[in-house]
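**Student:** The structure file upload11.txt (compact mmCIF, C-alpha atoms) is provided below.
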# COMPACT_ATOMS: atom_id res chain seq x y z
CA MET Q 23 -41.53 -18.81 -18.33
CA ASN Q 24 -39.03 -15.99 -18.75
CA ARG Q 25 -41.50 -13.64 -17.10
CA SER Q 26 -41.70 -15.93 -14.02
CA LYS Q 27 -37.91 -16.25 -13.86
CA GLU Q 28 -37.53 -12.48 -14.11
CA THR Q 29 -40.10 -11.93 -11.32
CA ASN Q 30 -38.26 -14.41 -9.06
CA GLN Q 31 -34.97 -12.59 -9.70
CA GLN Q 32 -36.57 -9.25 -8.87
CA THR Q 33 -38.11 -10.70 -5.72
CA GLY Q 34 -34.70 -12.13 -4.72
CA ILE Q 35 -33.00 -8.78 -5.35
CA LEU Q 36 -35.65 -6.99 -3.28
CA ARG Q 37 -35.12 -9.46 -0.42
CA VAL Q 38 -31.36 -8.89 -0.52
CA LEU Q 39 -31.85 -5.11 -0.53
CA LEU Q 40 -34.31 -5.35 2.35
CA VAL Q 41 -31.87 -7.48 4.39
CA CYS Q 42 -29.06 -5.00 3.63
CA ALA Q 43 -31.22 -2.04 4.66
CA VAL Q 44 -32.28 -3.69 7.93
CA THR Q 45 -28.69 -4.74 8.69
CA SER Q 46 -27.42 -1.19 8.02
CA PHE Q 47 -30.09 0.29 10.24
CA LEU Q 48 -29.40 -2.11 13.10
CA SER Q 49 -25.62 -1.68 12.92
CA ALA Q 50 -26.02 2.09 13.06
CA CYS Q 51 -27.92 1.62 16.31
CA ALA Q 52 -25.27 -0.60 17.89
CA THR Q 53 -23.61 0.48 21.11
CA SER Q 54 -20.74 -0.87 23.15
CA LYS Q 55 -22.47 0.00 26.42
CA LYS Q 56 -24.56 -2.52 28.31
CA PRO Q 57 -28.29 -2.01 27.87
CA GLY Q 58 -29.72 0.07 30.68
CA SER Q 59 -26.31 1.33 31.72
CA SER Q 60 -25.79 5.06 32.04
CA PHE Q 61 -22.04 4.60 32.53
CA GLY Q 62 -20.08 6.67 30.06
CA ALA Q 63 -23.16 8.64 29.06
CA GLU Q 64 -21.96 11.92 30.53
CA ALA Q 65 -19.12 13.83 28.94
CA GLY Q 66 -15.89 13.16 30.76
CA ALA Q 67 -16.92 9.79 32.22
CA ILE Q 68 -13.99 7.36 32.53
CA GLU Q 69 -14.39 4.53 29.99
CA GLY Q 70 -10.86 3.15 29.89
CA LEU Q 71 -7.45 3.24 31.55
CA ASN Q 72 -4.01 3.01 29.98
CA VAL Q 73 -0.99 2.11 32.10
CA LEU Q 74 2.63 2.79 31.13
CA ALA Q 75 5.18 1.30 33.50
CA ILE Q 76 8.93 1.71 33.58
CA PRO Q 77 9.89 -1.84 32.56
CA VAL Q 78 12.36 -2.42 35.41
CA GLY Q 79 12.11 -2.23 39.17
CA LEU Q 80 13.68 0.78 40.87
CA ASN Q 81 16.03 0.92 43.83
CA LEU Q 82 14.99 3.88 45.96
CA ASP Q 83 16.36 2.81 49.33
CA ARG Q 84 20.00 2.26 50.32
CA ILE Q 85 19.69 -1.53 50.25
CA PRO Q 86 20.84 -3.23 47.00
CA GLY Q 87 18.06 -4.54 44.77
CA PRO Q 88 14.78 -3.18 43.44
CA ASP Q 89 12.13 -2.11 45.94
CA SER Q 90 9.83 0.13 43.88
CA PHE Q 91 8.28 0.75 40.49
CA SER Q 92 7.04 3.73 38.51
CA VAL Q 93 3.84 3.88 36.49
CA LYS Q 94 1.81 6.47 34.59
CA VAL Q 95 -1.97 6.14 34.33
CA TYR Q 96 -4.14 7.83 31.71
CA ALA Q 97 -7.96 7.85 31.87
CA VAL Q 98 -9.83 7.99 28.57
CA ASN Q 99 -13.34 8.35 27.23
CA ALA Q 100 -14.92 8.26 23.79
CA THR Q 101 -15.82 11.95 23.69
CA ASN Q 102 -12.27 13.28 24.07
CA PRO Q 103 -9.24 12.40 21.91
CA LYS Q 104 -6.88 13.12 24.84
CA ALA Q 105 -6.62 11.54 28.28
CA VAL Q 106 -9.04 13.13 30.73
CA PRO Q 107 -8.69 14.07 34.40
CA ILE Q 108 -10.21 11.88 37.10
CA ARG Q 109 -12.60 14.24 38.88
CA SER Q 110 -14.46 11.73 41.06
CA GLY Q 111 -14.28 8.12 42.14
CA THR Q 112 -11.31 6.01 43.21
CA LEU Q 113 -8.17 4.96 41.35
CA GLU Q 114 -6.30 1.85 42.49
CA ILE Q 115 -2.85 0.65 41.47
CA LEU Q 116 -2.51 -3.14 41.76
CA THR Q 117 0.63 -5.27 41.62
CA PHE Q 118 0.62 -9.00 40.92
CA ASP Q 119 3.35 -11.57 41.58
CA GLY Q 120 4.18 -12.78 38.06
CA THR Q 121 2.60 -12.07 34.69
CA PHE Q 122 -0.75 -12.84 33.10
CA PHE Q 123 0.88 -14.25 29.95
CA GLY Q 124 0.00 -17.90 29.34
CA ARG Q 125 -1.91 -18.26 32.62
CA THR Q 126 -5.43 -19.49 33.12
CA ASN Q 127 -5.71 -17.92 36.57
CA VAL Q 128 -4.83 -14.48 37.91
CA PRO Q 129 -1.44 -14.24 39.65
CA PRO Q 130 -1.66 -13.37 43.35
CA VAL Q 131 -2.00 -9.71 44.30
CA LEU Q 132 1.18 -8.43 45.92
CA ARG Q 133 -0.13 -5.09 47.03
CA SER Q 134 -2.67 -2.43 46.11
CA TRP Q 135 -2.81 1.33 46.64
CA SER Q 136 -6.06 3.28 46.62
CA PHE Q 137 -6.43 6.99 45.84
CA GLU Q 138 -9.60 9.06 46.03
CA SER Q 139 -9.87 11.62 43.21
CA SER Q 140 -9.13 14.40 45.73
CA GLN Q 141 -5.74 12.77 46.49
CA LEU Q 142 -4.59 12.67 42.84
CA GLU Q 143 -3.65 16.34 42.40
CA PRO Q 144 -0.01 15.93 43.62
CA VAL Q 145 0.69 13.18 41.04
CA ARG Q 146 -1.24 14.78 38.16
CA PHE Q 147 0.59 16.08 35.07
CA GLN Q 148 -0.27 17.44 31.61
CA SER Q 149 1.32 16.09 28.45
CA GLN Q 150 0.72 16.05 24.69
CA VAL Q 151 -1.68 13.13 25.17
CA GLY Q 152 -3.69 14.80 27.92
CA THR Q 153 -3.92 14.47 31.69
CA GLY Q 154 -2.00 11.70 33.42
CA TYR Q 155 -1.03 10.54 36.87
CA GLU Q 156 2.49 9.40 37.76
CA PHE Q 157 3.17 7.13 40.71
CA THR Q 158 6.43 5.83 42.15
CA LEU Q 159 5.46 3.21 44.71
CA SER Q 160 7.43 0.87 46.95
CA TRP Q 161 6.18 -2.67 47.45
CA GLY Q 162 7.67 -2.75 50.95
CA THR Q 163 7.68 -6.23 52.49
CA ASN Q 164 5.49 -7.62 49.69
CA LYS Q 165 8.48 -8.36 47.45
CA PRO Q 166 7.77 -10.23 44.20
CA THR Q 167 8.93 -13.85 44.10
CA HIS Q 168 9.07 -13.98 40.27
CA THR Q 169 11.45 -12.12 37.94
CA LEU Q 170 8.45 -10.25 36.53
CA MET Q 171 5.52 -8.60 38.22
CA SER Q 172 2.41 -7.10 36.66
CA VAL Q 173 1.00 -3.65 37.35
CA ALA Q 174 -2.58 -2.65 36.55
CA ALA Q 175 -4.99 0.15 37.39
CA ARG Q 176 -8.64 -0.01 38.40
CA TYR Q 177 -11.07 2.90 38.51
CA THR Q 178 -14.33 2.79 40.45
CA SER Q 179 -16.86 5.51 39.65
CA PRO Q 180 -19.06 7.04 42.35
CA ALA Q 181 -21.89 4.91 40.93
CA GLY Q 182 -19.84 1.73 41.47
CA GLU Q 183 -18.93 1.09 37.81
CA ILE Q 184 -15.46 -0.48 37.47
CA VAL Q 185 -12.94 0.08 34.67
CA THR Q 186 -9.63 -1.81 34.58
CA SER Q 187 -6.50 -1.42 32.51
CA ARG Q 188 -4.51 -4.12 30.84
CA PRO Q 189 -1.56 -5.15 33.00
CA SER Q 190 1.98 -4.00 32.28
CA SER Q 191 5.05 -6.08 33.19
CA VAL Q 192 7.96 -4.90 35.30
CA THR Q 193 11.25 -6.82 35.59
CA VAL Q 194 12.29 -7.13 39.24
CA ILE Q 195 15.49 -9.16 39.05
CA ASP Q 196 17.43 -8.83 42.30
CA LYS Q 197 21.16 -8.61 41.51
Output the file's structure in the form of structure tokens.

**Tutor:**
Amino acid sequence: MNRSKETNQQTGILRVLLVCAVTSFLSACATSKKPGSSFGAEAGAIEGLNVLAIPVGLNLDRIPGPDSFSVKVYAVNATNPKAVPIRSGTLEILTFDGTFFGRTNVPPVLRSWSFESSQLEPVRFQSQVGTGYEFTLSWGTNKPTHTLMSVAARYTSPAGEIVTSRPSSVTVIDK
């Protein structure tokens, strides 16, 4: 009887070890990319965007009240610890009337600006964290109706793959 109990324990241990081995093997093969997608496969491909906005609206015209905002955009990929330059594709800056916080739907788009990679050189800069792009943009007649607006960035690769940033909030209180 002891012999049978010992054999069952050994069989159970072997099963656990086999499950652990298979699980380890499969997790080592995991990828965050979609199956069949070549996006991000080449070195330097844009896999993420980070947006840093000045948290308050700017007054750049002679009329009292905010009319503009400033934002820095950094493109990142998994193969480089620093932000990488955008060498191809299109970068868009999007503004939304209100914030995303606590909402079930996307706030309305106030305005968007689109820049081909060839147009980014004048706003490009180098910093300790890598290559970035700094924009100071005026919303013109599309003035926010809320006290906060959201700013986000969207990159479209030449192959049509889209990467978006998380939105950043900007206070636009008109005094």

**Student:** What does the distance from CA of Ser190 (chain Q) to CA of Pro129 (chain Q) come to in Å, to one decimal?

**Tutor:**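 These two atoms are separated by 13.1 Å.
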
**Student:** If you count only C-alpha atoms, which residues fall within 12 Å of region 84-90 of chain Q, apart from same-chain ones fewer than 6 positions away, as a ChimeraX atom specification?

**Tutor:** /Q:75-78,117,133,157-166,169-171,173,192-197

**Student:** Could you write out as AutoDock Vina command-line options the box around region 72-82 of chain Q (axis-aligned, all atoms listed in the file, 5 Å on each side), with centre and edge lengths in Å to one decimal?

**Tutor:**
--center_x 6.0 --center_y 0.7 --center_z 38.0 --size_x 30.0 --size_y 16.3 --size_z 26.0

**Student:** Any idea what the distance is between CA of Lys94 (chain Q) and CA of Thr153 (chain Q)?

**Tutor:**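 These atoms are spaced 10.3 Å apart.
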
**Student:** Please, what distance in Å, to one decimal, runs between CA of Gly152 (chain Q) and CA of Val95 (chain Q)?

**Tutor:**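 Straight-line distance from CA of Gly152 (chain Q) to CA of Val95 (chain Q) works out to 10.9 Å.
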
**Student:** Which of these, Q:Pro130, Q:Pro103, Q:Gly79, Q:Gly111, has the shortest distance to Ala181 (chain Q) once you count all atoms listed in the file?

**Tutor:** Q:Gly111

**Student:** Give me the residues within 12 Å of Ser140 (chain Q) as a PDB file with C-alpha atoms, in the frame of the given file, counting all atoms listed in the file and dropping any in the same chain fewer than 3 places off.

**Tutor:**
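And here is the file that came out, result07.pdb:
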ATOM      1  CA  PRO Q 107      -8.690  14.070  34.400  1.00  0.00           C
ATOM      2  CA  ILE Q 108     -10.210  11.880  37.100  1.00  0.00           C
ATOM      3  CA  ARG Q 109     -12.600  14.240  38.880  1.00  0.00           C
ATOM      4  CA  SER Q 110     -14.460  11.730  41.060  1.00  0.00           C
ATOM      5  CA  GLY Q 111     -14.280   8.120  42.140  1.00  0.00           C
ATOM      6  CA  THR Q 112     -11.310   6.010  43.210  1.00  0.00           C
ATOM      7  CA  LEU Q 113      -8.170   4.960  41.350  1.00  0.00           C
ATOM      8  CA  SER Q 136      -6.060   3.280  46.620  1.00  0.00           C
ATOM      9  CA  PHE Q 137      -6.430   6.990  45.840  1.00  0.00           C
ATOM     10  CA  GLU Q 143      -3.650  16.340  42.400  1.00  0.00           C
ATOM     11  CA  PRO Q 144      -0.010  15.930  43.620  1.00  0.00           C
ATOM     12  CA  VAL Q 145       0.690  13.180  41.040  1.00  0.00           C
ATOM     13  CA  ARG Q 146      -1.240  14.780  38.160  1.00  0.00           C
TER      14      ARG Q 146
END

**Student:** Measuring atom to atom with only C-alpha atoms, identify which of Q:Ala100, Q:Ala105, Q:Ile115, Q:Ala67 is nearest to Glu183 (chain Q).

**Tutor:**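 The shortest atom-to-atom distance to Glu183 (chain Q) comes from Q:Ala67.
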